[in-house]
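Student: My questions all concern the structure below.
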Amino acid sequence: MLGTLTSAWVKQRPRAFRAAVWLTAVAGPLLIALAAFASHLALLQGGFLVIALILVTALAVAGGVWPAVTALLLSIAARMFFFPPPFMLSLIGFAIAGLAISLLMAKVGRLAAQQAALRRVATLVAHTVPAKELFAAAAGEAGRLVGADYVSMSQDESGDLVTIAAWDRSAERVRAGGLWSLIRGLVGAFFRTGRPGRIDDIAAAYQSLAEDARAHRLRAVVAVPIMVAGSSRGAMLIGSTVRWAMPAYTERRMAGFADLLGAAISNAENRAGLACLADEQAALRRVATLVAREAPPEKVFTAVTEEAGHLLQAEITSMLRYECDGTSTIVASWGKGARASLPVGDRQPLEGRNLATMISETSRPARLDHYDDVSGVRVKRLAAAGFRSGVGAPIIVEGRLWGAVLAATTDAHVLSSRAESRIGSFTDLVATAVSNAENRAELMASRARVLAAADEARRQIERDLHDGAQQRLVSLTLALRAAQTAIPPDSGQLGEDLASVAEGLNSVLDDLRELARGIHPSILSAGGLVPALKTLARRSIVPVELDLHRVARLPEQVEVAAYYVVSEALANAAKHSGASVVQIGADIESDVLHLHVVDDGHGGADPALGSGLVGLKDRVEALGGKVAVRSPAGAGTRLDAELPLAA
Amino acid sequence: MRILLVDDTPSCAAAIRLLLERQGEHVAGVACRSAEAVELAAELRPDVVLIDLMLGDECGLDVAELLARDGSGDTPPMILISAHSSTDVEDLIASSAAAGFLPKQSLSADAIREIIGAEPLAGRHQ
């Protein structure tokens, strides 16, 4: 027991120091005894045992138990040799006191060394040195402290213990790699339990390892788990070249290091977790901003694939949409660096074992940790390109499965277990974007339908007026004129009365025409935008210059909107601008009708379209178009409108 | 002057017929649709055709186009008529095959003769 107690920490001293301690332990008692004997000093002779006790204490502190006990025994021998009995009682007392002091001091020294080593490691933990450096330092401190020959630090990576740092007493180098991996396997059992374990004689316990153990001079090993939040995340392995050489307290003393390392791992993970969370939040915020700005869904899709790719450290990401015919279409994709991404628009049937199919069946996130038994066109293509694992999460729009976001890497097991849920936060945003876009499209379509219905009603009213009241009045006018031809030239008052009635009828007809034109410009239905704009131009109070290009018959709603926009702009120009001329331009470019109405008046019109243009803005926007008015004071007013031909 | 009237509003057609005949012209026939107009034009060979711009779901301009094509050269002059005012429809008429336009309420034998360049029937007025 004494052997194991001392072998431990004495080894950590330099060889010269240990030599000096032993020299003092052997020579010290003899020199003191000789000096006492030679000098005949009463003080030295009477106090020999006291002086020897002080020497033993000093040796116990400096050199451990063995030098102290050696000095103790030599002192007793010298005392008996130089000063013969009768002092047996005091000698026995001296021996007991010396032994107690040796053991106590050795323990104190050991504890001090342990505390110092732990403090040094704790300082490194506090300074957040890189994990590799920290573990290497801790291995060295632990090895020196317990007098081990070899210490390795292993971390659990997907169920496998992987050495991340090692210390070797003899050469400060990693050795016995093959043997260590076997031993890791052996201590894996302990490691799983979360409790320390040991093999005091490897060769005896495992015959198969005997030869390796001898070759590598590794005979005993202790394993101490490194726990983080109650679960084992790694292990310290302490090896010795001597069988049964690992002191019983090794596990207990290593526990302090294991705790520190556990805390360090936990801190590092929290920091990494926080950094990761911050990255994730930033990425989500960028996508959320796009969604809030009602960016086109395609833009949101592309942003999501890119952000998710960066965040998950995937090499390729894609977003697909499930179609009702049992296929899925890639709507956005991203590839890291020069890596080719999946082609957008690629449409493939949902079949085989792959993420797209798995998600479509369950509407839940899915992962494939390897691509060994996958099937399906796309995933086979990925597997052929070297991809080996992937994760994906569904996009659920208003309760129905709309699509999925998928990520893949060329490494198996690389995408973390949180990857699905992290994709999930993006797919929620995508769902919002899709839902918004669909609602917007529905709203637009509904506005357009409401307008079309109103336009149709007005057209019908105009038509009814024309076919009914207007025709009847015309008939009456003509009949009256026919009657006028029949009255004798000398009928006097009657002729004048009839002429006045005819005049009244004409004026009613004019009023009615004006009314009908306000309800719906019939020329628009009959001849389209060009004659309608020409008519507007001719009827305008302010002279108009028309510049119409490539404008043939357009969809009715577009013609109506364009007509009303120009009509309102002309009315405003006539009423407020003081313009001397108005230029009206219309052209069609990439299926969009571009209109402008520019006057040379005094400007300063309400840019918020204070007048009747507000209703027209709604009308134009319902068709997916835009209206803008610029009216700087003194520089005229310019109205620009864009109307897509295909709403 | 023999006139073919193309107008699908019976009251209006009757009024026009009454007026023009009172003014000494002969309305040889009244058609309601383009097919009928083409048929009557070939049969009656009128001196002038009056075509209503709005013929139910057909357009007077198309009828004029049809007659011009069908008449292979010796189509009679055509005048478009409408309850609309001339400013409203001028641009439609400009590019058509018709010789001119008359608002229905301004319709008269003289106005027709003026457009087609015929002598006014001043002497026959009562």
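In the structure tokens, chains take letters A, B, ... by order of appearance, with residues numbered from 1 within each chain and ligands from 1 in the order shown.
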Give me, as a list in words, all polymer residues having an atom no more than 8 Å from segment 14-20 of chain B, counting only C-alpha atoms and skipping those fewer than 6 positions away in the same chain.
Tutor: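 Neighbouring residues, sequence-local ones excluded: Ser475, Leu476, Leu478, Ala479, Arg481, Ala482 and Ala483 of chain A; His26, Val27, Leu107, Ser108 and Ala109 of chain B.
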Student: Please save N, CA and C atoms of the selected residues as a short mmCIF file (atom, residue, chain, number, x, y, z; two decimals), in the first residue's frame.
Tutor:
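Listing of selection_24.cif after writing:
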data_model
loop_
_atom_site.label_atom_id
_atom_site.label_comp_id
_atom_site.auth_asym_id
_atom_site.auth_seq_id
_atom_site.Cartn_x
_atom_site.Cartn_y
_atom_site.Cartn_z
N SER A 475 -85.76 57.73 -82.86
CA SER A 475 -86.91 57.42 -83.70
C SER A 475 -87.94 58.54 -83.64
N LEU A 476 -88.18 59.02 -82.39
CA LEU A 476 -89.15 60.10 -82.22
C LEU A 476 -88.71 61.35 -82.96
N LEU A 478 -86.76 61.51 -85.54
CA LEU A 478 -86.91 61.30 -86.98
C LEU A 478 -88.38 61.39 -87.39
N ALA A 479 -89.25 60.80 -86.56
CA ALA A 479 -90.68 60.83 -86.85
C ALA A 479 -91.19 62.27 -86.86
N ARG A 481 -89.38 64.84 -87.52
CA ARG A 481 -88.89 65.51 -88.73
C ARG A 481 -89.73 65.10 -89.94
N ALA A 482 -90.16 63.83 -89.94
CA ALA A 482 -91.03 63.36 -91.03
C ALA A 482 -92.35 64.13 -90.99
N ALA A 483 -92.85 64.33 -89.77
CA ALA A 483 -94.09 65.07 -89.62
C ALA A 483 -93.91 66.51 -90.10
N HIS B 26 -86.41 56.47 -102.03
CA HIS B 26 -87.06 55.18 -102.00
C HIS B 26 -86.23 54.21 -101.17
N VAL B 27 -86.74 53.80 -99.98
CA VAL B 27 -86.05 52.80 -99.18
C VAL B 27 -86.47 51.44 -99.73
N LEU B 107 -80.13 62.68 -89.77
CA LEU B 107 -80.34 61.99 -91.06
C LEU B 107 -81.35 62.76 -91.93
N SER B 108 -80.97 62.94 -93.21
CA SER B 108 -81.94 63.50 -94.16
C SER B 108 -81.46 63.17 -95.57
N ALA B 109 -82.37 63.26 -96.52
CA ALA B 109 -82.03 62.93 -97.91
C ALA B 109 -80.88 63.82 -98.37
#
Student: Per residue of chain A within 9 Å of chain B, what are the shortest atom pair and its distance in Å to one decimal, counting only C-alpha atoms, with rows by chain and residue number, as JSON lines?
Tutor:
{"residue": "A:His466", "atom": "CA", "partner": "B:Ala83", "partner_atom": "CA", "distance": 7.3}
{"residue": "A:Asp467", "atom": "CA", "partner": "B:Thr9", "partner_atom": "CA", "distance": 7.7}
{"residue": "A:Gln470", "atom": "CA", "partner": "B:Ala83", "partner_atom": "CA", "distance": 6.7}
{"residue": "A:Gln471", "atom": "CA", "partner": "B:Cys12", "partner_atom": "CA", "distance": 6.4}
{"residue": "A:Arg472", "atom": "CA", "partner": "B:Cys12", "partner_atom": "CA", "distance": 7.0}
{"residue": "A:Leu473", "atom": "CA", "partner": "B:Gln105", "partner_atom": "CA", "distance": 8.9}
{"residue": "A:Val474", "atom": "CA", "partner": "B:Gln105", "partner_atom": "CA", "distance": 5.6}
{"residue": "A:Ser475", "atom": "CA", "partner": "B:Cys12", "partner_atom": "CA", "distance": 4.6}
{"residue": "A:Leu476", "atom": "CA", "partner": "B:Ala15", "partner_atom": "CA", "distance": 7.4}
{"residue": "A:Thr477", "atom": "CA", "partner": "B:Gln105", "partner_atom": "CA", "distance": 6.2}
{"residue": "A:Leu478", "atom": "CA", "partner": "B:Ala15", "partner_atom": "CA", "distance": 5.6}
{"residue": "A:Ala479", "atom": "CA", "partner": "B:Ala15", "partner_atom": "CA", "distance": 5.2}
{"residue": "A:Leu480", "atom": "CA", "partner": "B:Leu19", "partner_atom": "CA", "distance": 8.6}
{"residue": "A:Arg481", "atom": "CA", "partner": "B:Leu19", "partner_atom": "CA", "distance": 6.7}
{"residue": "A:Ala482", "atom": "CA", "partner": "B:Leu19", "partner_atom": "CA", "distance": 4.3}
{"residue": "A:Ala483", "atom": "CA", "partner": "B:Leu19", "partner_atom": "CA", "distance": 8.0}
{"residue": "A:Thr485", "atom": "CA", "partner": "B:Arg22", "partner_atom": "CA", "distance": 6.7}
{"residue": "A:Ala486", "atom": "CA", "partner": "B:Arg22", "partner_atom": "CA", "distance": 7.6}
{"residue": "A:Pro488", "atom": "CA", "partner": "B:Gln126", "partner_atom": "CA", "distance": 8.4}
{"residue": "A:Pro489", "atom": "CA", "partner": "B:Gln126", "partner_atom": "CA", "distance": 8.4}
{"residue": "A:Asn506", "atom": "CA", "partner": "B:Gln105", "partner_atom": "CA", "distance": 7.4}
{"residue": "A:Leu509", "atom": "CA", "partner": "B:Ala83", "partner_atom": "CA", "distance": 8.6}
{"residue": "A:Asp510", "atom": "CA", "partner": "B:Ser85", "partner_atom": "CA", "distance": 8.1}
{"residue": "A:Arg513", "atom": "CA", "partner": "B:His84", "partner_atom": "CA", "distance": 6.7}
{"residue": "A:Arg517", "atom": "CA", "partner": "B:Asp88", "partner_atom": "CA", "distance": 8.8}
{"residue": "A:Pro521", "atom": "CA", "partner": "B:Asp88", "partner_atom": "CA", "distance": 8.7}
{"residue": "A:Ser522", "atom": "CA", "partner": "B:Asp88", "partner_atom": "CA", "distance": 8.5}
{"residue": "A:Ile523", "atom": "CA", "partner": "B:Val89", "partner_atom": "CA", "distance": 6.5}
{"residue": "A:Ala526", "atom": "CA", "partner": "B:Cys59", "partner_atom": "CA", "distance": 7.4}
{"residue": "A:Gly527", "atom": "CA", "partner": "B:Leu92", "partner_atom": "CA", "distance": 6.2}
{"residue": "A:Val530", "atom": "CA", "partner": "B:Asp91", "partner_atom": "CA", "distance": 8.5}
{"residue": "A:Pro531", "atom": "CA", "partner": "B:Asp91", "partner_atom": "CA", "distance": 5.1}
{"residue": "A:Ala532", "atom": "CA", "partner": "B:Asp91", "partner_atom": "CA", "distance": 7.9}
{"residue": "A:Lys534", "atom": "CA", "partner": "B:Asp91", "partner_atom": "CA", "distance": 6.8}
{"residue": "A:Thr535", "atom": "CA", "partner": "B:Asp88", "partner_atom": "CA", "distance": 6.0}
{"residue": "A:Leu536", "atom": "CA", "partner": "B:Asp88", "partner_atom": "CA", "distance": 8.6}
{"residue": "A:Arg538", "atom": "CA", "partner": "B:Thr87", "partner_atom": "CA", "distance": 7.6}
{"residue": "A:Arg539", "atom": "CA", "partner": "B:Thr87", "partner_atom": "CA", "distance": 7.6}
Student: Produce a file of the selected residues containing N, CA and C atoms, as a compact mmCIF listing (two decimals), in the first residue's frame.
Tutor:
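Once everything was written out, this is part-v3.txt:
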# COMPACT_ATOMS: atom_id res chain seq x y z
N HIS A 466 -78.50 52.78 -74.95
CA HIS A 466 -78.36 53.01 -76.39
C HIS A 466 -79.47 52.33 -77.17
N ASP A 467 -79.67 51.05 -76.84
CA ASP A 467 -80.67 50.29 -77.60
C ASP A 467 -82.09 50.72 -77.25
N GLN A 470 -82.27 55.73 -76.05
CA GLN A 470 -81.62 56.55 -77.07
C GLN A 470 -82.22 56.31 -78.45
N GLN A 471 -82.42 55.01 -78.78
CA GLN A 471 -83.00 54.68 -80.09
C GLN A 471 -84.43 55.20 -80.19
N ARG A 472 -85.16 55.08 -79.07
CA ARG A 472 -86.55 55.55 -79.09
C ARG A 472 -86.60 57.04 -79.34
N LEU A 473 -85.70 57.77 -78.65
CA LEU A 473 -85.67 59.22 -78.81
C LEU A 473 -85.27 59.59 -80.24
N VAL A 474 -84.28 58.84 -80.77
CA VAL A 474 -83.87 59.09 -82.15
C VAL A 474 -85.06 58.86 -83.10
N SER A 475 -85.76 57.73 -82.86
CA SER A 475 -86.91 57.42 -83.70
C SER A 475 -87.94 58.54 -83.64
N LEU A 476 -88.18 59.02 -82.39
CA LEU A 476 -89.15 60.10 -82.22
C LEU A 476 -88.71 61.35 -82.96
N THR A 477 -87.40 61.66 -82.85
CA THR A 477 -86.86 62.84 -83.53
C THR A 477 -87.09 62.73 -85.04
N LEU A 478 -86.76 61.51 -85.54
CA LEU A 478 -86.91 61.30 -86.98
C LEU A 478 -88.38 61.39 -87.39
N ALA A 479 -89.25 60.80 -86.56
CA ALA A 479 -90.68 60.83 -86.85
C ALA A 479 -91.19 62.27 -86.86
N LEU A 480 -90.66 63.04 -85.89
CA LEU A 480 -91.06 64.44 -85.81
C LEU A 480 -90.63 65.18 -87.08
N ARG A 481 -89.38 64.84 -87.52
CA ARG A 481 -88.89 65.51 -88.73
C ARG A 481 -89.73 65.10 -89.94
N ALA A 482 -90.16 63.83 -89.94
CA ALA A 482 -91.03 63.36 -91.03
C ALA A 482 -92.35 64.13 -90.99
N ALA A 483 -92.85 64.33 -89.77
CA ALA A 483 -94.09 65.07 -89.62
C ALA A 483 -93.91 66.51 -90.10
N THR A 485 -92.10 67.55 -92.42
CA THR A 485 -92.13 67.65 -93.89
C THR A 485 -93.56 67.70 -94.40
N ALA A 486 -94.51 67.17 -93.56
CA ALA A 486 -95.89 67.06 -94.03
C ALA A 486 -96.73 68.30 -93.76
N PRO A 488 -98.09 72.07 -93.96
CA PRO A 488 -98.07 73.08 -95.03
C PRO A 488 -97.14 74.23 -94.64
N PRO A 489 -96.50 74.81 -95.64
CA PRO A 489 -95.54 75.88 -95.36
C PRO A 489 -96.20 77.08 -94.66
N ASN A 506 -83.46 66.86 -79.39
CA ASN A 506 -82.03 66.78 -79.69
C ASN A 506 -81.20 67.03 -78.44
N LEU A 509 -81.33 64.10 -76.23
CA LEU A 509 -80.46 63.07 -76.80
C LEU A 509 -79.00 63.34 -76.45
N ASP A 510 -78.60 64.59 -76.55
CA ASP A 510 -77.21 64.96 -76.22
C ASP A 510 -76.90 64.63 -74.76
N ARG A 513 -76.59 60.94 -74.30
CA ARG A 513 -75.32 60.45 -74.84
C ARG A 513 -74.18 60.71 -73.86
N ARG A 517 -71.95 57.93 -72.14
CA ARG A 517 -70.50 57.92 -72.32
C ARG A 517 -69.81 57.84 -70.96
N PRO A 521 -67.56 53.96 -72.12
CA PRO A 521 -67.26 54.46 -73.47
C PRO A 521 -67.50 53.37 -74.51
N SER A 522 -68.59 53.49 -75.23
CA SER A 522 -68.96 52.42 -76.16
C SER A 522 -67.91 52.24 -77.25
N ILE A 523 -67.21 53.30 -77.55
CA ILE A 523 -66.20 53.19 -78.62
C ILE A 523 -65.10 52.22 -78.22
N ALA A 526 -66.29 48.90 -79.10
CA ALA A 526 -66.42 48.77 -80.55
C ALA A 526 -65.07 48.81 -81.25
N GLY A 527 -64.19 49.71 -80.82
CA GLY A 527 -62.98 49.91 -81.61
C GLY A 527 -61.68 49.73 -80.87
N VAL A 530 -57.17 52.51 -79.26
CA VAL A 530 -56.66 53.58 -80.12
C VAL A 530 -57.74 54.59 -80.50
N PRO A 531 -58.87 54.15 -81.11
CA PRO A 531 -59.91 55.14 -81.40
C PRO A 531 -60.47 55.78 -80.14
N ALA A 532 -60.51 55.02 -79.04
CA ALA A 532 -61.05 55.56 -77.80
C ALA A 532 -60.16 56.70 -77.30
N LYS A 534 -58.11 58.44 -79.15
CA LYS A 534 -58.21 59.53 -80.13
C LYS A 534 -59.44 60.38 -79.85
N THR A 535 -60.54 59.69 -79.52
CA THR A 535 -61.77 60.42 -79.20
C THR A 535 -61.58 61.28 -77.96
N LEU A 536 -60.93 60.69 -76.94
CA LEU A 536 -60.65 61.46 -75.72
C LEU A 536 -59.83 62.70 -76.07
N ARG A 538 -59.62 64.30 -78.88
CA ARG A 538 -60.37 65.28 -79.64
C ARG A 538 -61.34 66.04 -78.74
N ARG A 539 -61.87 65.33 -77.75
CA ARG A 539 -62.84 65.98 -76.87
C ARG A 539 -62.17 66.82 -75.80
Student: Kindly give the distance, in Å, that separates atom CA of Pro29 of chain A and atom CA of Leu145 of chain A, rounded to a single decimal.
Tutor: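 So the answer is 29.6 Å.
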Student: Hey, what's within 12 Å of segment 112-114 of chain B if we count only C-alpha atoms and toss same-chain stuff fewer than 4 positions away? As a list in words, please?
Tutor: Met1, Arg2, Ile3, Leu20, Gln23, Glu25, Asp47, Val48, Val49, Leu50, Pro77, Met78, Ile79, Leu80, Ile81, Ala99, Gly100, Phe101, Leu102, Pro103, Lys104, Ser106, Leu107, Ser108, Ala118, Glu119, Pro120, Leu121 and Ala122 of chain B
Student: Could you please take those selected residues and save N, CA and C atoms as a PDB file, in the first residue's frame?
Tutor:
ATOM      1  N   MET B   1     -83.599  57.965-105.643  1.00  0.00           N
ATOM      2  CA  MET B   1     -82.436  57.221-105.136  1.00  0.00           C
ATOM      3  C   MET B   1     -82.929  56.008-104.345  1.00  0.00           C
ATOM      4  N   ARG B   2     -82.375  54.834-104.672  1.00  0.00           N
ATOM      5  CA  ARG B   2     -82.770  53.612-103.979  1.00  0.00           C
ATOM      6  C   ARG B   2     -81.837  53.367-102.790  1.00  0.00           C
ATOM      7  N   ILE B   3     -82.458  53.210-101.632  1.00  0.00           N
ATOM      8  CA  ILE B   3     -81.673  53.095-100.394  1.00  0.00           C
ATOM      9  C   ILE B   3     -81.893  51.734 -99.757  1.00  0.00           C
ATOM     10  N   LEU B  20     -87.230  59.436 -94.796  1.00  0.00           N
ATOM     11  CA  LEU B  20     -86.584  59.503 -96.108  1.00  0.00           C
ATOM     12  C   LEU B  20     -87.622  59.437 -97.237  1.00  0.00           C
ATOM     13  N   GLN B  23     -89.182  62.563 -97.743  1.00  0.00           N
ATOM     14  CA  GLN B  23     -88.267  63.493 -98.421  1.00  0.00           C
ATOM     15  C   GLN B  23     -88.034  63.078 -99.871  1.00  0.00           C
ATOM     16  N   GLU B  25     -87.174  59.961-101.195  1.00  0.00           N
ATOM     17  CA  GLU B  25     -86.268  58.860-101.556  1.00  0.00           C
ATOM     18  C   GLU B  25     -87.029  57.535-101.450  1.00  0.00           C
ATOM     19  N   ASP B  47     -78.645  52.454-104.570  1.00  0.00           N
ATOM     20  CA  ASP B  47     -77.709  53.539-104.896  1.00  0.00           C
ATOM     21  C   ASP B  47     -76.850  53.890-103.679  1.00  0.00           C
ATOM     22  N   VAL B  48     -77.400  53.628-102.480  1.00  0.00           N
ATOM     23  CA  VAL B  48     -76.646  53.918-101.267  1.00  0.00           C
ATOM     24  C   VAL B  48     -77.110  52.952-100.163  1.00  0.00           C
ATOM     25  N   VAL B  49     -76.148  52.576 -99.267  1.00  0.00           N
ATOM     26  CA  VAL B  49     -76.499  51.695 -98.148  1.00  0.00           C
ATOM     27  C   VAL B  49     -76.263  52.453 -96.851  1.00  0.00           C
ATOM     28  N   LEU B  50     -77.298  52.520 -95.996  1.00  0.00           N
ATOM     29  CA  LEU B  50     -77.150  53.113 -94.660  1.00  0.00           C
ATOM     30  C   LEU B  50     -76.966  51.981 -93.656  1.00  0.00           C
ATOM     31  N   PRO B  77     -72.070  53.271-102.565  1.00  0.00           N
ATOM     32  CA  PRO B  77     -71.512  54.012-101.431  1.00  0.00           C
ATOM     33  C   PRO B  77     -72.256  53.643-100.141  1.00  0.00           C
ATOM     34  N   MET B  78     -71.495  53.611 -99.050  1.00  0.00           N
ATOM     35  CA  MET B  78     -72.097  53.215 -97.764  1.00  0.00           C
ATOM     36  C   MET B  78     -71.945  54.350 -96.779  1.00  0.00           C
ATOM     37  N   ILE B  79     -72.990  54.558 -95.971  1.00  0.00           N
ATOM     38  CA  ILE B  79     -72.934  55.582 -94.934  1.00  0.00           C
ATOM     39  C   ILE B  79     -73.284  54.910 -93.604  1.00  0.00           C
ATOM     40  N   LEU B  80     -72.391  55.117 -92.625  1.00  0.00           N
ATOM     41  CA  LEU B  80     -72.654  54.558 -91.299  1.00  0.00           C
ATOM     42  C   LEU B  80     -73.514  55.536 -90.529  1.00  0.00           C
ATOM     43  N   ILE B  81     -74.484  54.994 -89.829  1.00  0.00           N
ATOM     44  CA  ILE B  81     -75.349  55.852 -89.022  1.00  0.00           C
ATOM     45  C   ILE B  81     -75.338  55.333 -87.589  1.00  0.00           C
ATOM     46  N   ALA B  99     -68.328  55.618 -96.842  1.00  0.00           N
ATOM     47  CA  ALA B  99     -68.062  56.934 -97.429  1.00  0.00           C
ATOM     48  C   ALA B  99     -68.212  58.030 -96.393  1.00  0.00           C
ATOM     49  N   GLY B 100     -68.978  57.748 -95.319  1.00  0.00           N
ATOM     50  CA  GLY B 100     -69.147  58.800 -94.329  1.00  0.00           C
ATOM     51  C   GLY B 100     -69.986  58.343 -93.160  1.00  0.00           C
ATOM     52  N   PHE B 101     -70.282  59.300 -92.274  1.00  0.00           N
ATOM     53  CA  PHE B 101     -71.048  58.985 -91.078  1.00  0.00           C
ATOM     54  C   PHE B 101     -72.117  60.051 -90.875  1.00  0.00           C
ATOM     55  N   LEU B 102     -73.280  59.597 -90.424  1.00  0.00           N
ATOM     56  CA  LEU B 102     -74.358  60.538 -90.086  1.00  0.00           C
ATOM     57  C   LEU B 102     -74.977  60.127 -88.756  1.00  0.00           C
ATOM     58  N   PRO B 103     -75.050  61.049 -87.812  1.00  0.00           N
ATOM     59  CA  PRO B 103     -75.817  60.753 -86.600  1.00  0.00           C
ATOM     60  C   PRO B 103     -77.266  60.586 -87.014  1.00  0.00           C
ATOM     61  N   LYS B 104     -77.961  59.635 -86.400  1.00  0.00           N
ATOM     62  CA  LYS B 104     -79.324  59.325 -86.855  1.00  0.00           C
ATOM     63  C   LYS B 104     -80.235  60.535 -86.806  1.00  0.00           C
ATOM     64  N   SER B 106     -79.579  63.486 -87.331  1.00  0.00           N
ATOM     65  CA  SER B 106     -79.320  64.478 -88.395  1.00  0.00           C
ATOM     66  C   SER B 106     -79.563  63.901 -89.784  1.00  0.00           C
ATOM     67  N   LEU B 107     -80.128  62.676 -89.774  1.00  0.00           N
ATOM     68  CA  LEU B 107     -80.336  61.992 -91.061  1.00  0.00           C
ATOM     69  C   LEU B 107     -81.345  62.758 -91.925  1.00  0.00           C
ATOM     70  N   SER B 108     -80.966  62.937 -93.213  1.00  0.00           N
ATOM     71  CA  SER B 108     -81.936  63.501 -94.160  1.00  0.00           C
ATOM     72  C   SER B 108     -81.464  63.169 -95.567  1.00  0.00           C
ATOM     73  N   ALA B 118     -74.233  63.331-104.695  1.00  0.00           N
ATOM     74  CA  ALA B 118     -75.330  63.342-105.662  1.00  0.00           C
ATOM     75  C   ALA B 118     -76.040  64.705-105.612  1.00  0.00           C
ATOM     76  N   GLU B 119     -76.766  65.017-106.664  1.00  0.00           N
ATOM     77  CA  GLU B 119     -77.517  66.282-106.727  1.00  0.00           C
ATOM     78  C   GLU B 119     -78.615  66.285-105.676  1.00  0.00           C
ATOM     79  N   PRO B 120     -78.795  67.392-104.977  1.00  0.00           N
ATOM     80  CA  PRO B 120     -79.920  67.448-104.035  1.00  0.00           C
ATOM     81  C   PRO B 120     -81.244  67.418-104.770  1.00  0.00           C
ATOM     82  N   LEU B 121     -82.239  66.861-104.135  1.00  0.00           N
ATOM     83  CA  LEU B 121     -83.558  66.757-104.759  1.00  0.00           C
ATOM     84  C   LEU B 121     -84.420  67.965-104.398  1.00  0.00           C
ATOM     85  N   ALA B 122     -83.853  69.155-104.577  1.00  0.00           N
ATOM     86  CA  ALA B 122     -84.517  70.357-104.074  1.00  0.00           C
ATOM     87  C   ALA B 122     -85.929  70.495-104.626  1.00  0.00           C
TER      88      ALA B 122
END
Student: Name the residues of chain B that fall into helix (DSSP H, G or I) according to DSSP on the backbone, using the chain letters and numbers of this document, as a count of residues only.
Tutor: 58
Student: Output as a list of chain:residue names all residues of segment 20-109 of chain B that backbone DSSP marks as strand (DSSP E).
Tutor: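 Taking segment 20-109 of chain B and keeping strand (DSSP E) only, one gets B:His26, B:Val27, B:Ala28, B:Gly29, B:Val30, B:Ala31, B:Val48, B:Val49, B:Leu50, B:Ile51, B:Asp52, B:Met54, B:Leu55, B:Glu58, B:Cys59, B:Met78, B:Ile79, B:Leu80, B:Ile81, B:Ser82, B:Gly100, B:Phe101, B:Leu102, B:Pro103.
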Student: Could you state the separation of atom CA of Glu294 of chain A and atom CA of Gly615 of chain A in Å, given to one decimal place?
Tutor: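 Result for atom CA of Glu294 of chain A versus atom CA of Gly615 of chain A: 22.8 Å, one decimal.
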Student: Considering only C-alpha atoms, return as a PyMOL selection string whatever protein or nucleic-acid residues lie within 9 Å of Leu72 of chain A, sequence-local ones (same chain, fewer than 2 positions apart) excluded.
Tutor: chain A and resi 25+29+52-53+55-56+67-70+74-77+94-95+98-99
Student: With distances taken over only C-alpha atoms, which residue among B:Ala41, B:Ala98, B:Asp57, B:Asp52 lies nearest Asp70 of chain B?
Tutor: B:Ala41
